[in-house]
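Engineer: Dropping in start17.txt, with compact mmCIF, C-alpha atoms and all ligand atoms.
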# COMPACT_ATOMS: atom_id res chain seq x y z
CA MET A 558 120.64 165.05 131.52
CA PRO A 559 121.96 162.59 128.93
CA GLU A 560 125.32 161.05 129.73
CA THR A 561 128.36 162.31 127.83
CA VAL A 562 130.74 159.63 126.58
CA LEU A 563 134.18 160.54 125.28
CA VAL A 564 135.33 158.09 122.60
CA THR A 565 139.05 158.00 121.80
CA GLY A 566 139.71 156.64 118.32
CA GLY A 567 136.08 157.43 117.51
CA ALA A 568 136.71 157.81 113.77
CA GLY A 569 138.17 154.31 113.45
CA PHE A 570 136.42 151.11 112.41
CA ILE A 571 134.98 150.01 115.75
CA GLY A 572 134.93 153.55 117.19
CA SER A 573 132.74 154.99 114.43
CA HIS A 574 130.14 152.22 114.74
CA THR A 575 130.12 152.61 118.52
CA CYS A 576 129.54 156.37 118.20
CA VAL A 577 126.48 155.72 116.02
CA GLU A 578 125.16 153.20 118.52
CA LEU A 579 125.64 155.64 121.43
CA LEU A 580 124.02 158.53 119.52
CA ALA A 581 121.09 156.30 118.61
CA HIS A 582 120.55 155.62 122.31
CA GLY A 583 120.55 159.24 123.39
CA TYR A 584 124.13 159.65 124.63
CA GLU A 585 126.09 162.83 123.96
CA VAL A 586 129.27 161.73 122.18
CA VAL A 587 132.64 163.49 122.00
CA VAL A 588 135.31 162.08 119.67
CA VAL A 589 139.06 162.40 120.11
CA ASP A 590 141.15 161.01 117.24
CA ASN A 591 144.54 161.87 115.73
CA HIS A 592 143.50 160.30 112.39
CA VAL A 593 146.79 158.46 111.86
CA ASN A 594 144.76 155.40 110.86
CA SER A 595 141.29 156.85 110.32
CA SER A 596 139.62 159.34 108.03
CA PRO A 597 138.08 162.57 109.36
CA ARG A 598 135.37 161.86 106.77
CA ALA A 599 134.15 159.05 109.01
CA LEU A 600 132.92 161.79 111.38
CA ASP A 601 130.50 163.11 108.75
CA ARG A 602 129.32 159.58 108.10
CA ILE A 603 128.69 159.04 111.83
CA THR A 604 126.46 162.12 111.98
CA LYS A 605 124.66 161.18 108.78
CA THR A 606 124.08 157.59 109.88
CA ALA A 607 122.89 158.49 113.38
CA GLY A 608 120.86 161.51 112.25
CA ARG A 609 122.29 163.44 115.20
CA PRO A 610 125.48 165.48 115.57
CA LEU A 611 128.44 164.64 117.72
CA ALA A 612 128.80 166.94 120.73
CA GLY A 613 132.41 167.50 119.67
CA ALA A 614 135.21 166.07 117.54
CA TYR A 615 138.86 166.92 118.14
CA ARG A 616 142.05 166.05 116.30
CA VAL A 617 144.04 165.19 119.39
CA ASP A 618 146.66 162.55 120.13
CA VAL A 619 145.76 160.89 123.44
CA ARG A 620 149.39 161.17 124.54
CA ASP A 621 149.05 164.97 124.44
CA ARG A 622 147.82 165.45 128.01
CA ARG A 623 147.35 169.20 127.72
CA ALA A 624 145.16 168.98 124.59
CA LEU A 625 143.24 166.04 126.05
CA SER A 626 142.66 167.94 129.27
CA GLU A 627 141.15 170.83 127.30
CA VAL A 628 138.58 168.43 125.83
CA PHE A 629 137.64 167.26 129.34
CA THR A 630 137.31 170.91 130.39
CA ALA A 631 135.04 171.68 127.41
CA HIS A 632 132.64 168.74 127.97
CA PRO A 633 131.01 167.20 131.05
CA VAL A 634 132.52 163.73 130.46
CA ASP A 635 130.75 160.95 132.40
CA ALA A 636 132.53 157.96 130.88
CA VAL A 637 135.30 157.16 128.40
CA ILE A 638 135.62 154.44 125.78
CA HIS A 639 139.29 154.08 124.85
CA PHE A 640 139.83 152.66 121.35
CA ALA A 641 142.74 154.83 120.19
CA ALA A 642 145.66 152.46 119.58
CA HIS A 643 147.78 150.81 116.92
CA LYS A 644 146.40 147.36 116.07
CA ALA A 645 148.37 145.56 113.35
CA VAL A 646 150.19 142.50 114.65
CA GLY A 647 152.80 142.43 111.86
CA GLU A 648 153.56 146.14 112.18
CA SER A 649 153.98 145.75 115.94
CA VAL A 650 156.85 143.33 115.37
CA ALA A 651 158.62 145.94 113.21
CA LEU A 652 157.76 148.93 115.44
CA PRO A 653 157.52 147.66 119.03
CA VAL A 654 158.55 150.94 120.68
CA GLU A 655 155.94 152.87 118.71
CA TYR A 656 153.33 150.32 119.81
CA TYR A 657 154.25 150.65 123.50
CA ASP A 658 154.45 154.43 123.24
CA THR A 659 151.00 154.82 121.66
CA ASN A 660 149.10 151.95 123.26
CA VAL A 661 150.56 151.97 126.78
CA GLY A 662 151.69 155.61 126.89
CA GLY A 663 148.33 156.75 125.49
CA THR A 664 146.42 154.76 128.11
CA CYS A 665 148.55 156.22 130.94
CA ALA A 666 148.04 159.77 129.63
CA LEU A 667 144.29 159.20 129.42
CA LEU A 668 144.14 157.78 132.95
CA ALA A 669 146.08 160.77 134.30
CA VAL A 670 143.75 163.25 132.60
CA MET A 671 140.66 161.30 133.74
CA HIS A 672 142.02 161.43 137.29
CA ASP A 673 142.64 165.19 137.08
CA HIS A 674 139.02 165.70 135.96
CA ASP A 675 137.44 163.27 138.42
CA VAL A 676 136.25 160.89 135.71
CA HIS A 677 136.32 157.31 136.97
CA ARG A 678 134.39 155.25 134.39
CA LEU A 679 136.19 153.60 131.50
CA VAL A 680 135.57 150.93 128.88
CA PHE A 681 138.92 149.72 127.53
CA SER A 682 139.49 148.12 124.15
CA SER A 683 141.48 144.92 124.72
CA SER A 684 142.02 141.96 122.43
CA CYS A 685 141.71 138.19 122.27
CA SER A 686 145.31 138.22 121.07
CA VAL A 687 146.33 138.35 124.76
CA TYR A 688 145.54 134.59 124.89
CA GLY A 689 148.17 133.74 122.27
CA GLU A 690 148.42 130.08 121.22
CA ALA A 691 145.51 128.64 123.14
CA PRO A 692 145.91 125.06 124.40
CA THR A 693 142.13 124.62 124.36
CA VAL A 694 139.15 126.52 122.94
CA PRO A 695 136.71 128.05 123.65
CA LEU A 696 138.57 130.64 125.70
CA THR A 697 137.12 131.93 128.91
CA GLU A 698 138.32 135.08 130.66
CA ARG A 699 140.21 132.77 133.03
CA SER A 700 142.14 131.00 130.25
CA PRO A 701 145.90 131.56 130.49
CA VAL A 702 147.27 134.64 128.75
CA ALA A 703 150.42 134.28 126.64
CA PRO A 704 150.87 137.13 124.12
CA THR A 705 152.99 136.24 121.10
CA ASN A 706 153.68 139.71 119.66
CA PRO A 707 154.24 143.32 120.85
CA TYR A 708 150.67 144.38 119.96
CA ALA A 709 149.19 141.71 122.23
CA HIS A 710 151.76 142.53 124.93
CA THR A 711 150.70 146.20 124.91
CA LYS A 712 147.05 145.22 125.42
CA LEU A 713 147.95 142.93 128.33
CA ALA A 714 150.23 145.63 129.80
CA CYS A 715 147.30 148.07 129.72
CA GLU A 716 145.06 145.54 131.46
CA ARG A 717 147.71 145.15 134.20
CA ILE A 718 148.02 148.92 134.58
CA LEU A 719 144.24 149.16 134.86
CA ARG A 720 144.25 146.40 137.49
CA ASP A 721 146.80 148.34 139.60
CA VAL A 722 144.99 151.64 139.13
CA CYS A 723 141.70 150.08 140.18
CA ASP A 724 143.32 148.37 143.19
CA HIS A 725 144.60 151.71 144.47
CA LEU A 726 141.93 154.17 143.33
CA PRO A 727 138.69 152.72 144.71
CA ASP A 728 136.41 155.05 142.71
CA MET A 729 137.54 153.54 139.40
CA LYS A 730 135.08 151.42 137.42
CA VAL A 731 136.69 149.80 134.40
CA LEU A 732 135.54 147.20 131.89
CA ALA A 733 138.20 145.69 129.60
CA LEU A 734 136.64 144.03 126.56
CA ARG A 735 138.71 141.42 124.77
CA TYR A 736 137.34 141.42 121.23
CA PHE A 737 137.75 138.48 118.96
CA ASN A 738 137.71 139.36 115.21
CA PRO A 739 135.43 142.33 114.45
CA VAL A 740 134.25 142.42 110.81
CA GLY A 741 131.27 143.62 108.77
CA ALA A 742 129.91 147.14 108.47
CA HIS A 743 126.90 149.30 109.27
CA PRO A 744 123.92 147.94 107.27
CA SER A 745 123.41 151.37 105.65
CA GLY A 746 126.67 150.96 103.74
CA LEU A 747 127.78 154.39 105.01
CA LEU A 748 130.27 153.14 107.60
CA GLY A 749 132.73 150.30 107.37
CA GLU A 750 136.34 149.24 107.52
CA ASP A 751 138.61 151.41 105.39
CA PRO A 752 142.18 150.24 105.97
CA ARG A 753 145.07 152.33 104.67
CA GLY A 754 147.15 150.53 102.03
CA VAL A 755 147.14 146.74 101.77
CA PRO A 756 144.69 145.31 104.33
CA ASN A 757 146.32 143.27 107.10
CA ASN A 758 143.14 141.47 108.01
CA LEU A 759 141.19 138.78 106.20
CA MET A 760 137.72 140.29 105.68
CA PRO A 761 138.77 143.64 104.14
CA TYR A 762 141.25 141.80 101.93
CA VAL A 763 138.56 139.40 100.71
CA ALA A 764 136.23 142.36 100.07
CA GLN A 765 138.87 144.12 97.98
CA VAL A 766 139.42 140.95 95.92
CA ALA A 767 135.67 140.64 95.34
CA VAL A 768 135.39 144.26 94.18
CA GLY A 769 138.34 143.82 91.82
CA ARG A 770 140.91 145.96 93.62
CA ARG A 771 143.13 142.92 94.25
CA GLU A 772 143.70 139.84 92.10
CA ARG A 773 143.36 137.08 94.68
CA LEU A 774 143.63 136.21 98.34
CA ASP A 775 146.67 134.52 99.81
CA VAL A 776 145.47 131.98 102.37
CA PHE A 777 148.17 131.74 105.02
CA GLY A 778 148.59 127.98 105.50
CA ASP A 779 146.32 124.95 105.12
CA ASP A 780 148.18 122.63 107.49
CA TYR A 781 146.82 123.81 110.83
CA PRO A 782 145.17 121.24 113.11
CA THR A 783 141.69 122.51 112.14
CA PRO A 784 138.93 120.77 110.11
CA ASP A 785 140.05 122.19 106.73
CA GLY A 786 143.61 123.09 107.76
CA THR A 787 143.11 126.86 107.61
CA GLY A 788 143.05 129.21 110.62
CA VAL A 789 139.85 129.36 112.66
CA ARG A 790 138.67 132.62 114.24
CA ASP A 791 135.62 133.91 116.07
CA TYR A 792 134.36 136.65 113.72
CA ILE A 793 131.99 139.10 115.37
CA HIS A 794 129.85 141.67 113.55
CA VAL A 795 131.07 145.22 114.26
CA MET A 796 127.44 146.19 115.03
CA ASP A 797 127.45 143.60 117.81
CA VAL A 798 130.79 144.98 119.05
CA ALA A 799 129.31 148.50 119.04
CA GLU A 800 126.19 147.30 120.85
CA GLY A 801 128.41 145.50 123.37
CA HIS A 802 130.13 148.80 124.17
CA ARG A 803 126.86 150.63 124.64
CA VAL A 804 125.67 147.87 126.99
CA ALA A 805 129.04 147.95 128.79
CA VAL A 806 128.69 151.70 129.45
CA ALA A 807 125.27 151.02 130.96
CA HIS A 808 126.84 148.38 133.24
CA LEU A 809 129.89 150.37 134.38
CA ASP A 810 128.30 151.10 137.74
CA ASP A 811 127.49 147.44 138.50
CA GLN A 812 130.73 147.08 140.42
CA ALA A 813 133.88 149.07 141.23
CA GLY A 814 137.29 147.91 140.03
CA LEU A 815 138.42 146.17 136.84
CA ARG A 816 136.34 143.50 135.15
CA VAL A 817 137.45 141.68 132.00
CA PHE A 818 135.04 140.24 129.43
CA ASN A 819 135.36 138.45 126.10
CA LEU A 820 133.39 139.90 123.20
CA GLY A 821 132.88 137.11 120.71
CA THR A 822 130.13 134.86 119.33
CA GLY A 823 131.44 131.45 120.44
CA THR A 824 131.41 130.23 116.82
CA GLY A 825 134.61 129.39 114.94
CA THR A 826 134.95 129.98 111.18
CA SER A 827 137.89 128.90 109.01
CA VAL A 828 139.48 131.09 106.35
CA LEU A 829 138.00 128.90 103.60
CA GLN A 830 134.53 128.98 105.20
CA LEU A 831 134.69 132.78 105.30
CA VAL A 832 135.83 132.93 101.66
CA ALA A 833 132.89 130.71 100.64
CA ALA A 834 130.38 132.75 102.67
CA PHE A 835 131.66 136.00 101.19
CA GLY A 836 131.44 134.60 97.65
CA GLU A 837 127.82 133.68 98.30
CA ALA A 838 126.91 137.04 99.90
CA SER A 839 128.54 139.07 97.14
CA GLY A 840 127.66 136.84 94.21
CA ARG A 841 131.33 137.00 93.24
CA PRO A 842 133.66 134.06 93.75
CA VAL A 843 136.85 135.04 95.60
CA PRO A 844 139.94 133.59 93.89
CA TYR A 845 142.61 132.42 96.32
CA ARG A 846 145.79 130.40 96.57
CA ILE A 847 147.37 128.65 99.54
CA VAL A 848 150.70 130.10 100.67
CA GLU A 849 153.00 129.68 103.67
CA ARG A 850 151.73 130.29 107.20
CA ARG A 851 151.98 133.90 108.40
CA PRO A 852 154.56 134.25 111.19
CA GLY A 853 152.91 134.76 114.58
CA ASP A 854 149.54 133.29 113.53
CA VAL A 855 147.81 130.73 115.73
CA ALA A 856 145.54 127.86 114.66
CA GLU A 857 142.33 128.69 116.49
CA LEU A 858 140.86 131.47 118.64
CA VAL A 859 137.23 131.10 119.68
CA ALA A 860 135.50 132.78 122.60
CA ASP A 861 133.43 131.39 125.36
CA ALA A 862 130.89 134.22 125.24
CA GLY A 863 129.03 133.07 128.35
CA ALA A 864 130.31 135.64 130.86
CA VAL A 865 128.74 138.73 129.23
CA ALA A 866 125.54 136.77 128.65
CA VAL A 867 125.30 136.12 132.40
CA ALA A 868 126.51 139.55 133.56
CA TRP A 869 124.52 141.73 131.14
CA ASP A 870 121.87 139.36 129.77
CA TRP A 871 123.23 140.27 126.34
CA ARG A 872 124.27 138.19 123.33
CA THR A 873 125.48 138.83 119.79
CA THR A 874 122.73 138.42 117.18
CA ARG A 875 124.39 138.74 113.76
CA ASP A 876 125.75 135.69 111.91
CA LEU A 877 128.47 135.18 109.31
CA THR A 878 126.04 135.80 106.45
CA ALA A 879 125.16 139.23 107.87
CA MET A 880 128.88 140.00 108.42
CA CYS A 881 129.71 139.19 104.78
CA ARG A 882 126.62 140.89 103.36
CA ASP A 883 127.25 144.13 105.24
CA ALA A 884 131.01 144.15 104.54
CA TRP A 885 130.22 143.63 100.87
CA ARG A 886 127.61 146.41 100.81
CA PHE A 887 130.14 148.89 102.22
CA GLN A 888 132.82 147.75 99.79
CA GLU A 889 130.49 147.91 96.78
CA LEU A 890 129.11 151.35 97.68
CA ASN A 891 132.54 152.70 98.65
CA PRO A 892 135.03 150.97 96.32
CA ASP A 893 137.71 153.50 97.32
CA GLY A 894 136.69 153.69 100.97
CA TYR A 895 136.03 157.10 102.50
CA ALA A 896 138.30 158.72 99.90
CA GLY A 897 135.62 158.23 97.23
CA ARG A 898 132.23 159.90 96.90
CA PRO A 899 129.68 159.22 99.64
CA PRO A 900 127.23 156.54 98.45
CA ARG A 901 124.03 158.58 98.76
CA ALA A 902 123.31 162.00 97.34
CA GLY A 903 121.46 164.74 99.24
CA GLY A 904 121.63 166.07 102.75
CA PRO A 905 124.51 167.79 104.44
CA THR A 906 127.48 165.57 105.12
CA THR A 907 128.82 167.68 107.95
CA GLY A 908 127.50 168.17 111.42
CA GLY A 909 128.62 168.58 114.99
CA THR A 910 131.73 170.45 115.94
CA PRO A 911 134.31 170.63 113.17
CA CYS A 912 137.35 168.49 113.78
CA GLY A 913 140.19 170.74 114.89
N1 LIG A 1001 144.45 135.42 106.73
C1 LIG A 1001 144.74 134.92 105.48
N2 LIG A 1001 145.04 135.81 104.49
C2 LIG A 1001 145.07 137.16 104.70
C3 LIG A 1001 144.77 137.66 106.00
C4 LIG A 1001 144.48 136.75 106.99
O1 LIG A 1001 144.73 133.71 105.25
O2 LIG A 1001 145.36 137.91 103.75
C5 LIG A 1001 144.08 134.47 107.81
C6 LIG A 1001 145.02 134.48 109.00
O3 LIG A 1001 146.10 133.62 108.78
C7 LIG A 1001 144.07 134.04 110.13
C8 LIG A 1001 142.72 134.61 109.70
O4 LIG A 1001 142.83 134.88 108.31
O5 LIG A 1001 143.97 132.64 110.15
C9 LIG A 1001 142.37 135.91 110.40
O6 LIG A 1001 143.42 136.84 110.27
P1 LIG A 1001 143.27 138.39 110.57
O7 LIG A 1001 144.55 139.05 110.19
O8 LIG A 1001 142.02 138.90 109.94
O9 LIG A 1001 143.05 138.49 112.15
P2 LIG A 1001 143.91 137.86 113.37
O10 LIG A 1001 143.20 136.68 113.87
O11 LIG A 1001 145.35 137.77 113.02
O12 LIG A 1001 143.67 139.01 114.45
C10 LIG A 1001 144.67 139.61 115.19
C11 LIG A 1001 144.25 139.70 116.66
C12 LIG A 1001 143.15 140.71 116.85
C13 LIG A 1001 143.55 141.99 116.28
C14 LIG A 1001 143.90 141.82 114.84
C15 LIG A 1001 144.37 143.13 114.32
O13 LIG A 1001 143.82 138.46 117.13
O14 LIG A 1001 142.95 140.92 118.23
O15 LIG A 1001 144.93 140.86 114.68
O16 LIG A 1001 145.19 143.02 113.24
F1 LIG A 1001 142.57 142.91 116.41
Would you give me this structure, written as C-alpha cells?
Structural biologist:
Amino acid sequence: MPETVLVTGGAGFIGSHTCVELLAHGYEVVVVDNHVNSSPRALDRITKTAGRPLAGAYRVDVRDRRALSEVFTAHPVDAVIHFAAHKAVGESVALPVEYYDTNVGGTCALLAVMHDHDVHRLVFSSSCSVYGEAPTVPLTERSPVAPTNPYAHTKLACERILRDVCDHLPDMKVLALRYFNPVGAHPSGLLGEDPRGVPNNLMPYVAQVAVGRRERLDVFGDDYPTPDGTGVRDYIHVMDVAEGHRVAVAHLDDQAGLRVFNLGTGTGTSVLQLVAAFGEASGRPVPYRIVERRPGDVAELVADAGAVAVAWDWRTTRDLTAMCRDAWRFQELNPDGYAGRPPRAGGPTTGGTPCG
C-alpha cells in the first residue's frame, strides 16, 4: 500500500512543488488549503505536472477542527506535511494577532486532529528567520535563536509546542525544517511562485521587473557589512526544498521525538549578485536603484547544510543559475501567474477530487 501524505497549504509555492515530488515517488497525496494566499488553479497544475491525480483536495482552514477531522476520516493519512501559514515578515508586524492565530492556532488544531486520528508523523515548515540577526554565519541548528518579528516568533513558538508535544506523547515523530530562501520554479514552467499583489520577496519582484510588470527593483540598502553592501541570503531552489520534504517523510521513522534541520545550500548570494544572475538567465537586464534598508532586515543568513547531509545522505543539487532560469521560465510562460492562460495547450487541466 502506498503511503498517504496529507499536505496542508498544498496549493502554495512550496506546497505545490512538494505535492508533485511526492506524486512522482508514488505517494498518495491529499491537499488541504483555504486558498487565502494560493490559487485553486495550482491544483490542476500539480496533477498536470505529475501526470497523476491527487487523492483529494479540500478547501479547508486548518483551524477548523471539524472540517479537518472529516478529511482525516475520508483518507488513511500516514503522515502530514504542514505548510499552511502566513509568511510575510512585513505583514506580520502589522497583523501580529492574525499571524499567531493562523500559524500557532492552526498548528495546535492540526496536532489535536492528528492525535484524535492516531496520526503521529509530521514534517513541519519552519524558517531560518528564527535565527534573527546572526552573530556568525553559517548557521547550524544549534546557533542561538532570536526572532526579530512576529512571523519568526510564530515559527519558533510552533517548534516549542512541538518539542513539548513530543516530550509528552512518545509516539510522535516530528521533523521541523528551517528553510532558508526558497526560490525558482518547476522546470516545466507550469508551477512557480505567484504572489498576490506586490511581491514581498526579492526573486518574484526581480522576475516581474524582467517581464515588464514593474519598472525597477528597489534594493533595500547597500551599507550592510557584506562584500558589496547588499543583503546576503542562502537561496535554495524550490525543487530542492520539495525533494528535501520527500526525503524527510522517508526519514520520519528514524527516531521518535522532535528533530530540527536547516534546509539551505550553504552558499550566500547578495542582492546584486542575484540581480546580475537573473539578468543573465533571462537575457534582460534588471533596472534597480538603491533605497533605504527595509526595517527588520538582517545583513546575512546562510545555512550550515551539513546536518541533513549526515542524517539523510542528501544534498541540494541546483545552483543559482538554475534558480534564476526556472523562475524566469515560469514568469515568461505565465506573465499573469495562475490567473492567465496555462502555458501549454491540450490535455485536461483538471484531475483528482474537485476542491470543495
Ligand atoms: N530585497 C530587496 N528588494 C526587494 C525585496 C528584497 O532588496 O524588493 C532584499 C532584502 O532586503 C534581503 C533580500 O533581498 O536582503 C531577500 O529578501 P526576501 O524578502 O526575498 O527574503 P527574506 O530574507 O526577508 O526572508 C524572510 C525570512 C524567510 C521567509 C521570508 C518570507 O527569512 O524565512 O522572509 O517573506 F520565508
Engineer: Kindly indicate which residue among A:Ser626, A:Ser682, A:Ser700, A:Thr878 lies nearest to Val731 in chain A, using all atoms listed in the file for the distances.
Structural biologist: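 Of the candidates, the smallest distance to Val731 in chain A is held by A:Ser682.
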Engineer: Mind listing the residues within 8 Å of ligand LIG 1001 (chain A), only C-alpha atoms and all ligand atoms counted, as a VMD selection string?
Structural biologist: chain A and resid 644 to 647 683 to 687 709 735 to 739 756 to 760 762 to 763 774 to 778 787 to 790 827 to 828 850 to 851 854 to 858
Engineer: Please produce an output containing C-alpha atoms for each residue in the selection, written as a PDB file, in the coordinates of the input.
Structural biologist:
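So again.pdb came out as:
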ATOM      1  CA  LYS A 644     146.400 147.360 116.070  1.00  0.00           C
ATOM      2  CA  ALA A 645     148.370 145.560 113.350  1.00  0.00           C
ATOM      3  CA  VAL A 646     150.190 142.500 114.650  1.00  0.00           C
ATOM      4  CA  GLY A 647     152.800 142.430 111.860  1.00  0.00           C
ATOM      5  CA  SER A 683     141.480 144.920 124.720  1.00  0.00           C
ATOM      6  CA  SER A 684     142.020 141.960 122.430  1.00  0.00           C
ATOM      7  CA  CYS A 685     141.710 138.190 122.270  1.00  0.00           C
ATOM      8  CA  SER A 686     145.310 138.220 121.070  1.00  0.00           C
ATOM      9  CA  VAL A 687     146.330 138.350 124.760  1.00  0.00           C
ATOM     10  CA  ALA A 709     149.190 141.710 122.230  1.00  0.00           C
ATOM     11  CA  ARG A 735     138.710 141.420 124.770  1.00  0.00           C
ATOM     12  CA  TYR A 736     137.340 141.420 121.230  1.00  0.00           C
ATOM     13  CA  PHE A 737     137.750 138.480 118.960  1.00  0.00           C
ATOM     14  CA  ASN A 738     137.710 139.360 115.210  1.00  0.00           C
ATOM     15  CA  PRO A 739     135.430 142.330 114.450  1.00  0.00           C
ATOM     16  CA  PRO A 756     144.690 145.310 104.330  1.00  0.00           C
ATOM     17  CA  ASN A 757     146.320 143.270 107.100  1.00  0.00           C
ATOM     18  CA  ASN A 758     143.140 141.470 108.010  1.00  0.00           C
ATOM     19  CA  LEU A 759     141.190 138.780 106.200  1.00  0.00           C
ATOM     20  CA  MET A 760     137.720 140.290 105.680  1.00  0.00           C
ATOM     21  CA  TYR A 762     141.250 141.800 101.930  1.00  0.00           C
ATOM     22  CA  VAL A 763     138.560 139.400 100.710  1.00  0.00           C
ATOM     23  CA  LEU A 774     143.630 136.210  98.340  1.00  0.00           C
ATOM     24  CA  ASP A 775     146.670 134.520  99.810  1.00  0.00           C
ATOM     25  CA  VAL A 776     145.470 131.980 102.370  1.00  0.00           C
ATOM     26  CA  PHE A 777     148.170 131.740 105.020  1.00  0.00           C
ATOM     27  CA  GLY A 778     148.590 127.980 105.500  1.00  0.00           C
ATOM     28  CA  THR A 787     143.110 126.860 107.610  1.00  0.00           C
ATOM     29  CA  GLY A 788     143.050 129.210 110.620  1.00  0.00           C
ATOM     30  CA  VAL A 789     139.850 129.360 112.660  1.00  0.00           C
ATOM     31  CA  ARG A 790     138.670 132.620 114.240  1.00  0.00           C
ATOM     32  CA  SER A 827     137.890 128.900 109.010  1.00  0.00           C
ATOM     33  CA  VAL A 828     139.480 131.090 106.350  1.00  0.00           C
ATOM     34  CA  ARG A 850     151.730 130.290 107.200  1.00  0.00           C
ATOM     35  CA  ARG A 851     151.980 133.900 108.400  1.00  0.00           C
ATOM     36  CA  ASP A 854     149.540 133.290 113.530  1.00  0.00           C
ATOM     37  CA  VAL A 855     147.810 130.730 115.730  1.00  0.00           C
ATOM     38  CA  ALA A 856     145.540 127.860 114.660  1.00  0.00           C
ATOM     39  CA  GLU A 857     142.330 128.690 116.490  1.00  0.00           C
ATOM     40  CA  LEU A 858     140.860 131.470 118.640  1.00  0.00           C
TER      41      LEU A 858
END
Engineer: Quick one: residues within 12 Å of Arg770 in chain A, only C-alpha atoms counted, chain neighbours fewer than 5 positions away excluded, as a list in words?
Structural biologist: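 Non-adjacent residues within range: Gly754, Val755, Pro756, Pro761, Tyr762, Val763, Ala764, Gln765, Val843, Gln888, Glu889, Asn891, Pro892, Asp893 and Gly894 of chain A.
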Engineer: Got a sec: who's within 10 Å of Arg699 in chain A, counting only C-alpha atoms, leaving out chain neighbours fewer than 6 positions off, as a ChimeraX atom specification?
Structural biologist: /A:688,817-818
Engineer: Keeping C-alpha atoms, export the residues of the selection given above as a PDB file, keeping the file's coordinate frame.
Structural biologist:
ATOM      1  CA  TYR A 688     145.540 134.590 124.890  1.00  0.00           C
ATOM      2  CA  VAL A 817     137.450 141.680 132.000  1.00  0.00           C
ATOM      3  CA  PHE A 818     135.040 140.240 129.430  1.00  0.00           C
TER       4      PHE A 818
END
Engineer: Given all atoms listed in the file as the basis, pick out the residue of A:Pro784, A:Pro633, A:Gly608, A:Gly663 nearest to Thr565 in chain A.
Structural biologist: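 Residue with the minimum atom-to-atom distance to Thr565 in chain A: A:Gly663.
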Engineer: Quick one, how far is CA of Leu726 in chain A from CA of Phe629 in chain A?
Structural biologist: 19.6 Å
Engineer: What does the distance between CA of Ser649 in chain A and CA of Gly853 in chain A come to in Å, to one decimal place?
Structural biologist: 11.1 Å
Engineer: Mind pulling up the distance from CA of Arg882 in chain A to CA of Ile847 in chain A?
Structural biologist: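 Rounded to one decimal, the two atoms are 24.4 Å apart.
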Engineer: With all atoms listed in the file counted, which protein, DNA or RNA residues have an atom no more than 12 Å from (156.0, 146.2, 122.0) in the file frame? Please answer as a count of residues only.
Structural biologist: 32
Engineer: Nearest residue to Asn591 in chain A out of A:Lys605, A:Arg620, A:His574, A:Arg773, using only C-alpha atoms?
Structural biologist: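 Once distances to Asn591 in chain A are computed over only C-alpha atoms, the minimum belongs to A:Arg620.
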Engineer: Determine the nearest neighbour of His592 in chain A from the options A:Thr561, A:Leu734, A:Ala642, A:Leu625, counting all atoms listed in the file.
Structural biologist: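 Closest residue, counting all atoms listed in the file: A:Ala642.
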Engineer: Assuming 4 Å of padding per side, give the centre and edge lengths of the axis-aligned box around every listed atom of range 696-712 of chain A, in Å to one decimal and as AutoDock Vina command-line options.
Structural biologist:
--center_x 145.7 --center_y 138.4 --center_z 126.3 --size_x 25.1 --size_y 23.6 --size_z 21.4
